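Enquirer: Sharing a structure below in structure tokens format, with a few things to ask.
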Amino acid sequence: MQPPVELPAKVEPLEGQPTAVPALTPRRKSTERHITNELIIRQQPNRARMCGFGTKDYRPVDPAPILQLVRRDGDHAVLNYKQATSLVCHAALWSADGTEERSVVLNPGSVAVAKKSDQSQNADPASAHPAPTAPTGYVSALVGSLVSPCHVLTDIDGTRALFFTFPDLSIRTSGQYILKFSLYDMSKDASQAMAFAVSEVISVYPPKTFPGMTESSQLAKCLARQGIKLHIRSDMRRGHHLAPVGPGEVNDPDTEEYLDGDA
């Protein structure tokens, strides 16, 4: 049987001799970029004619809200066409002071029908006819397309930019409100908004006191020529000269048309 092998004792370095430095794993430089998102309202809405609770007479908020998304990597603006396809912007209605969301409103028709039904049944329960179907109690106060996809378009200065447009938003009741816009990336966590923007106060008028539509902006005309559906004042397209009318016809200065494509 062989005797146990003795391990050499730890050798202390001589005075003045450098000690060995353990090898370090090289650190990889992070390639993750910190992108910031900013929503800018390029065209502010300021007025609307209330559309009520019918289903036909929807009058859009004027001017139509147009937002631009500016994405920055540090001090440099970036434009990612691929990611733009997954970006959407959502519009919500809020009180003028921004403290309460006004997304739903009670349909007065539902209250009237319910009251009439109760009175009929209380008068003669035996001969009462089946109660008429009441309209839905609460309905959306803001109607139209509440979500806009991201459009890569040419701005009026010739540069490419990311835009969101809301050409057909309507508000049911008169009063003063604001619109709150939220940016989402549908390819990621859609429950977390990436950016917000709040409009100026919008005055919503009853039909008889509505002051009329505003002139279409150069920005709206620029985007409409690229295929985006926006309401463009027809009289503005004729250079403020109303077309001649036939017998019994009247020129309406608030007439609108959708201008898109090569129009």
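Each chain of the structure tokens is named A, B, ... in the order shown, its residues numbered from 1; ligands are numbered from 1 in display order.
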Excluding A:Val61 and any residue of its chain fewer than 2 positions from it, enumerate the residues within 7 Å of it, using only C-alpha atoms, and give them as a PyMOL selection string.

Expert: chain A and resi 45+47-48+59+63-64+169-170

Enquirer: Leaving out A:Ser86 and any residue of its chain fewer than 3 positions from it, which residues lie within 8 Å of it when counting only C-alpha atoms, given as a ChimeraX atom specification?

Expert: /A:83,149-150,185-187

Enquirer: Leaving out A:Val201 and any residue of its chain fewer than 6 positions from it, which residues lie within 7 Å of it when counting only C-alpha atoms, given as number ranges by chain?

Expert: A: 46, 96, 176-178

Enquirer: Please, what distance in Å, to one decimal, runs between atom CA of A:Thr36 and atom CA of A:Thr165?

Expert: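 Distance reported for this atom pair: 21.0 Å.
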
Enquirer: Which is closest to A:Glu101 among A:Lys180, A:Lys82, A:Arg42, A:Arg160, if we use only C-alpha atoms?

Expert: A:Lys180

Enquirer: Please report, as an NGL selection string, each residue of stretch 68-216 of chain A to which DSSP assigns strand (DSSP E or B) when run on this structure's backbone.

Expert: :A and (68-73 or 76-78 or 87-95 or 101 or 104-106 or 138-140 or 142-143 or 147-149 or 151-154 or 160-165 or 170-171 or 175-185 or 195-198 or 202-205)

Enquirer: Just how far from atom CA of A:Pro65 is atom CA of A:Phe166, in Å to one decimal?

Expert: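 Taking atom CA of A:Phe166 and atom CA of A:Pro65, their separation equals 5.4 Å.
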
Enquirer: Rank nothing, just name the residue among A:Val105, A:Ala77, A:Met213, A:Met50 nearest to A:His34, using only C-alpha atoms.

Expert: A:Ala77

Enquirer: Applying 7 Å and only C-alpha atoms, which residues near A:Gly175 remain after dropping the ones on its own chain fewer than 3 positions away? List them as an NGL selection string.

Expert: :A and (203-205)

Enquirer: To one decimal in Å, tell me the separation between atom CA of A:Ser148 and atom CA of A:Glu215.

Expert: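 Separation of atom CA of A:Ser148 and atom CA of A:Glu215: 22.9 Å.
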